[in-house]
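Undergrad: First, the structure itself, so that you have it in front of you.
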Amino acid sequence: MSGSQRDVRDTIKSFLVLVEKDAEFDRGTALFAEGLGLDSLETAELSALLEDEYGKDPFSSETMPQTVGDIVDFYDAAVAGA
């Protein structure tokens, strides 16, 4: 796992602790429903946090992320394209 992947995963984990959600996940863990169970407000909060931390918001891209891996991939692509 690259440093950027670890950073993004650590940011998500810290957010989950803050909103009192299960902080155990892997790349395939869904963000909603039976996965992390994020609701719309928590999704908006995570979106804002990620944009503040990394300067880009994966939830404003063409494809809405559905898994933790989608978010990690978004930032990997952003770094590769920089």
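Starting from 1 in every chain, residues are counted up; chains themselves are A, B, ... following the order of the structure tokens, and ligands are numbered from 1 as listed.
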What's the 9 Å shell around Asp26 of chain A, counting only C-alpha atoms, without same-chain residues fewer than 4 positions away, as a list of chain:residue names?
TA: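 Counting only C-alpha atoms, the residues come to A:Arg9, A:Thr67, A:Val68, A:Gly69.
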Undergrad: Find the spatial neighbours of Phe32 of chain A, counting only C-alpha atoms, within a cut-off of 10 Å - ignore same-chain residues fewer than 6 positions away - and output them as a CSV table (one decimal) with N, CA, C and O atoms, in the first residue's frame.
TA:
chain,number,residue,atom,x,y,z
A,38,LEU,N,-22.9,4.6,6.0
A,38,LEU,CA,-23.0,6.1,6.0
A,38,LEU,C,-24.4,6.6,5.5
A,38,LEU,O,-24.9,6.1,4.5
A,39,ASP,N,-24.9,7.6,6.2
A,39,ASP,CA,-26.1,8.2,5.7
A,39,ASP,C,-25.7,9.5,4.9
A,39,ASP,O,-24.5,9.7,4.7
A,40,SER,N,-26.7,10.2,4.4
A,40,SER,CA,-26.4,11.3,3.5
A,40,SER,C,-25.6,12.4,4.2
A,40,SER,O,-24.7,13.0,3.6
A,43,THR,N,-22.0,11.2,4.7
A,43,THR,CA,-21.4,11.2,3.3
A,43,THR,C,-20.9,12.6,3.0
A,43,THR,O,-19.8,12.9,2.5
A,66,GLN,N,-18.6,4.1,-4.4
A,66,GLN,CA,-19.5,3.1,-3.7
A,66,GLN,C,-18.8,2.3,-2.7
A,66,GLN,O,-19.4,1.8,-1.8
A,67,THR,N,-17.4,2.3,-2.8
A,67,THR,CA,-16.6,1.5,-1.9
A,67,THR,C,-15.4,2.3,-1.4
A,67,THR,O,-15.1,3.4,-2.0
Undergrad: Skip Ala23 of chain A itself and residues of its chain fewer than 6 positions away, then list as a PDB file with all heavy atoms, in the first residue's frame all residues within 7 Å of it, counting only C-alpha atoms.
TA:
ATOM      1  N   LYS A  13     -10.704   6.227   8.398  1.00  0.00           N
ATOM      2  CA  LYS A  13     -10.800   5.555   9.697  1.00  0.00           C
ATOM      3  C   LYS A  13     -11.047   6.569  10.822  1.00  0.00           C
ATOM      4  O   LYS A  13     -11.902   6.357  11.680  1.00  0.00           O
ATOM      5  CB  LYS A  13      -9.536   4.749   9.975  1.00  0.00           C
ATOM      6  CG  LYS A  13      -9.620   3.880  11.198  1.00  0.00           C
ATOM      7  CD  LYS A  13      -8.416   2.984  11.299  1.00  0.00           C
ATOM      8  CE  LYS A  13      -8.847   1.726  12.002  1.00  0.00           C
ATOM      9  NZ  LYS A  13      -8.011   0.591  11.744  1.00  0.00           N
ATOM     10  N   LEU A  16     -14.616   7.733  10.694  1.00  0.00           N
ATOM     11  CA  LEU A  16     -15.550   6.718  11.194  1.00  0.00           C
ATOM     12  C   LEU A  16     -15.571   6.667  12.718  1.00  0.00           C
ATOM     13  O   LEU A  16     -16.632   6.509  13.318  1.00  0.00           O
ATOM     14  CB  LEU A  16     -15.203   5.348  10.611  1.00  0.00           C
ATOM     15  CG  LEU A  16     -15.413   5.217   9.106  1.00  0.00           C
ATOM     16  CD1 LEU A  16     -14.851   3.887   8.610  1.00  0.00           C
ATOM     17  CD2 LEU A  16     -16.877   5.366   8.741  1.00  0.00           C
ATOM     18  N   VAL A  17     -14.414   6.821  13.327  1.00  0.00           N
ATOM     19  CA  VAL A  17     -14.359   6.870  14.798  1.00  0.00           C
ATOM     20  C   VAL A  17     -15.129   8.086  15.298  1.00  0.00           C
ATOM     21  O   VAL A  17     -15.911   7.989  16.250  1.00  0.00           O
ATOM     22  CB  VAL A  17     -12.888   6.889  15.281  1.00  0.00           C
ATOM     23  CG1 VAL A  17     -12.803   7.212  16.762  1.00  0.00           C
ATOM     24  CG2 VAL A  17     -12.208   5.564  14.969  1.00  0.00           C
TER      25      VAL A  17
END
Undergrad: With distances taken over only C-alpha atoms, which of A:Leu41, A:Ala78, A:Val72, A:Leu31 is nearest to Gly55 of chain A?
TA: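 Of A:Leu41, A:Ala78, A:Val72, A:Leu31, the one nearest Gly55 of chain A, counting only C-alpha atoms, is A:Ala78.
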Undergrad: Taking only C-alpha atoms into account, which of A:Glu45, A:Glu53, A:Glu62, A:Asp70 comes nearest Asp10 of chain A?
TA: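 Going through A:Glu45, A:Glu53, A:Glu62, A:Asp70 one by one, the smallest distance to Asp10 of chain A is for A:Glu53.
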Undergrad: Using only C-alpha atoms, which of A:Leu36, A:Glu20, A:Gly81, A:Asp76 sits nearest Pro58 of chain A?
TA: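 Between A:Leu36, A:Glu20, A:Gly81, A:Asp76, the residue approaching Pro58 of chain A most closely is A:Asp76.
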Undergrad: So, with only C-alpha atoms as the atoms that count, which of A:Ala30, A:Ile71, A:Ala44, A:Met64 lies closest to Thr11 of chain A?
TA: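 Among the listed residues, A:Ile71 lies closest to Thr11 of chain A.
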Undergrad: List as a JSON list (two decimals) with N, CA and C atoms, in the first residue's frame the protein and nucleic acid residues near Asp73 of chain A, meaning an atom at most 12 Å away when only C-alpha atoms are counted, but skip any in the same chain fewer than 6 places from it.
TA:
[["chain", "number", "residue", "atom", "x", "y", "z"],
["A", 1, "MET", "N", 0.86, -1.18, 0.00],
["A", 1, "MET", "CA", 0.00, 0.00, 0.00],
["A", 1, "MET", "C", 0.90, 1.23, 0.00],
["A", 2, "SER", "N", 0.62, 2.16, -0.90],
["A", 2, "SER", "CA", 1.43, 3.37, -1.00],
["A", 2, "SER", "C", 1.10, 4.33, 0.15],
["A", 4, "SER", "N", 0.07, 7.40, -0.02],
["A", 4, "SER", "CA", -1.18, 8.13, -0.24],
["A", 4, "SER", "C", -2.39, 7.26, 0.08],
["A", 5, "GLN", "N", -2.31, 5.97, -0.26],
["A", 5, "GLN", "CA", -3.41, 5.06, 0.08],
["A", 5, "GLN", "C", -3.58, 4.95, 1.59],
["A", 6, "ARG", "N", -2.46, 4.85, 2.28],
["A", 6, "ARG", "CA", -2.49, 4.74, 3.75],
["A", 6, "ARG", "C", -3.08, 6.01, 4.35],
["A", 8, "VAL", "N", -5.18, 8.20, 2.98],
["A", 8, "VAL", "CA", -6.62, 8.27, 2.72],
["A", 8, "VAL", "C", -7.37, 7.30, 3.62],
["A", 9, "ARG", "N", -6.85, 6.09, 3.75],
["A", 9, "ARG", "CA", -7.49, 5.10, 4.62],
["A", 9, "ARG", "C", -7.49, 5.57, 6.08],
["A", 27, "ARG", "N", -10.71, -2.51, 1.07],
["A", 27, "ARG", "CA", -11.01, -1.81, -0.19],
["A", 27, "ARG", "C", -12.41, -2.09, -0.71],
["A", 28, "GLY", "N", -12.90, -3.29, -0.48],
["A", 28, "GLY", "CA", -14.20, -3.68, -1.02],
["A", 28, "GLY", "C", -15.39, -3.30, -0.16],
["A", 58, "PRO", "N", -13.80, 13.23, -4.00],
["A", 58, "PRO", "CA", -14.20, 12.09, -4.83],
["A", 58, "PRO", "C", -15.70, 12.02, -5.08],
["A", 61, "SER", "N", -16.87, 13.77, -8.43],
["A", 61, "SER", "CA", -16.38, 13.25, -9.71],
["A", 61, "SER", "C", -17.55, 12.69, -10.52],
["A", 63, "THR", "N", -18.26, 9.69, -11.36],
["A", 63, "THR", "CA", -18.80, 8.46, -10.80],
["A", 63, "THR", "C", -18.79, 8.54, -9.28],
["A", 65, "PRO", "N", -18.44, 7.39, -5.71],
["A", 65, "PRO", "CA", -17.78, 6.23, -5.09],
["A", 65, "PRO", "C", -18.79, 5.38, -4.31],
["A", 66, "GLN", "N", -18.64, 4.08, -4.44],
["A", 66, "GLN", "CA", -19.52, 3.14, -3.74],
["A", 66, "GLN", "C", -18.78, 2.34, -2.68],
["A", 67, "THR", "N", -17.44, 2.28, -2.79],
["A", 67, "THR", "CA", -16.63, 1.51, -1.86],
["A", 67, "THR", "C", -15.44, 2.34, -1.38],
["A", 79, "VAL", "N", -3.21, 11.68, -8.08],
["A", 79, "VAL", "CA", -1.77, 11.81, -7.89],
["A", 79, "VAL", "C", -1.04, 11.48, -9.19],
["A", 80, "ALA", "N", -1.49, 10.43, -9.88],
["A", 80, "ALA", "CA", -0.86, 10.02, -11.14],
["A", 80, "ALA", "C", -1.04, 11.09, -12.22]]
Undergrad: Using DSSP on the backbone coordinates, identify the residues of chain A assigned to helix (DSSP H, G or I); present them as a PyMOL selection string.
TA: chain A and resi 3-18+40-54+58-60+68-81
Undergrad: What would the file look like if the residues just selected were written as a compact mmCIF listing (two decimals), in the first residue's frame with C-alpha atoms?
TA:
# COMPACT_ATOMS: atom_id res chain seq x y z
CA GLY A 3 1.73 6.31 1.38
CA SER A 4 -1.18 8.13 -0.24
CA GLN A 5 -3.41 5.06 0.08
CA ARG A 6 -2.49 4.74 3.75
CA ASP A 7 -3.18 8.44 4.35
CA VAL A 8 -6.62 8.27 2.72
CA ARG A 9 -7.49 5.10 4.62
CA ASP A 10 -6.32 6.70 7.89
CA THR A 11 -8.47 9.78 7.19
CA ILE A 12 -11.52 7.58 6.55
CA LYS A 13 -10.80 5.55 9.70
CA SER A 14 -10.51 8.72 11.83
CA PHE A 15 -13.79 10.00 10.39
CA LEU A 16 -15.55 6.72 11.19
CA VAL A 17 -14.36 6.87 14.80
CA LEU A 18 -15.63 10.45 15.01
CA SER A 40 -26.40 11.34 3.51
CA LEU A 41 -25.15 13.73 6.22
CA GLU A 42 -22.16 11.53 7.06
CA THR A 43 -21.37 11.22 3.35
CA ALA A 44 -21.40 15.02 3.02
CA GLU A 45 -19.15 15.35 6.08
CA LEU A 46 -16.70 12.77 4.71
CA SER A 47 -16.75 14.53 1.35
CA ALA A 48 -15.87 17.88 2.96
CA LEU A 49 -13.16 16.32 5.12
CA LEU A 50 -11.51 14.59 2.16
CA GLU A 51 -11.61 17.78 0.09
CA ASP A 52 -10.09 19.77 2.97
CA GLU A 53 -7.33 17.17 3.47
CA TYR A 54 -6.46 16.39 -0.16
CA PRO A 58 -14.20 12.09 -4.83
CA PHE A 59 -17.94 12.63 -4.39
CA SER A 60 -17.96 15.40 -7.00
CA VAL A 68 -13.57 2.51 0.15
CA GLY A 69 -11.49 1.28 -2.82
CA ASP A 70 -13.28 3.74 -5.12
CA ILE A 71 -12.13 6.61 -2.90
CA VAL A 72 -8.55 5.31 -2.74
CA ASP A 73 -8.51 4.82 -6.52
CA PHE A 74 -9.79 8.38 -7.04
CA TYR A 75 -6.84 9.82 -5.11
CA ASP A 76 -4.35 7.44 -6.76
CA ALA A 77 -5.57 8.65 -10.16
CA ALA A 78 -5.39 12.29 -9.01
CA VAL A 79 -1.77 11.81 -7.89
CA ALA A 80 -0.86 10.02 -11.14
CA GLY A 81 -2.45 12.81 -13.18
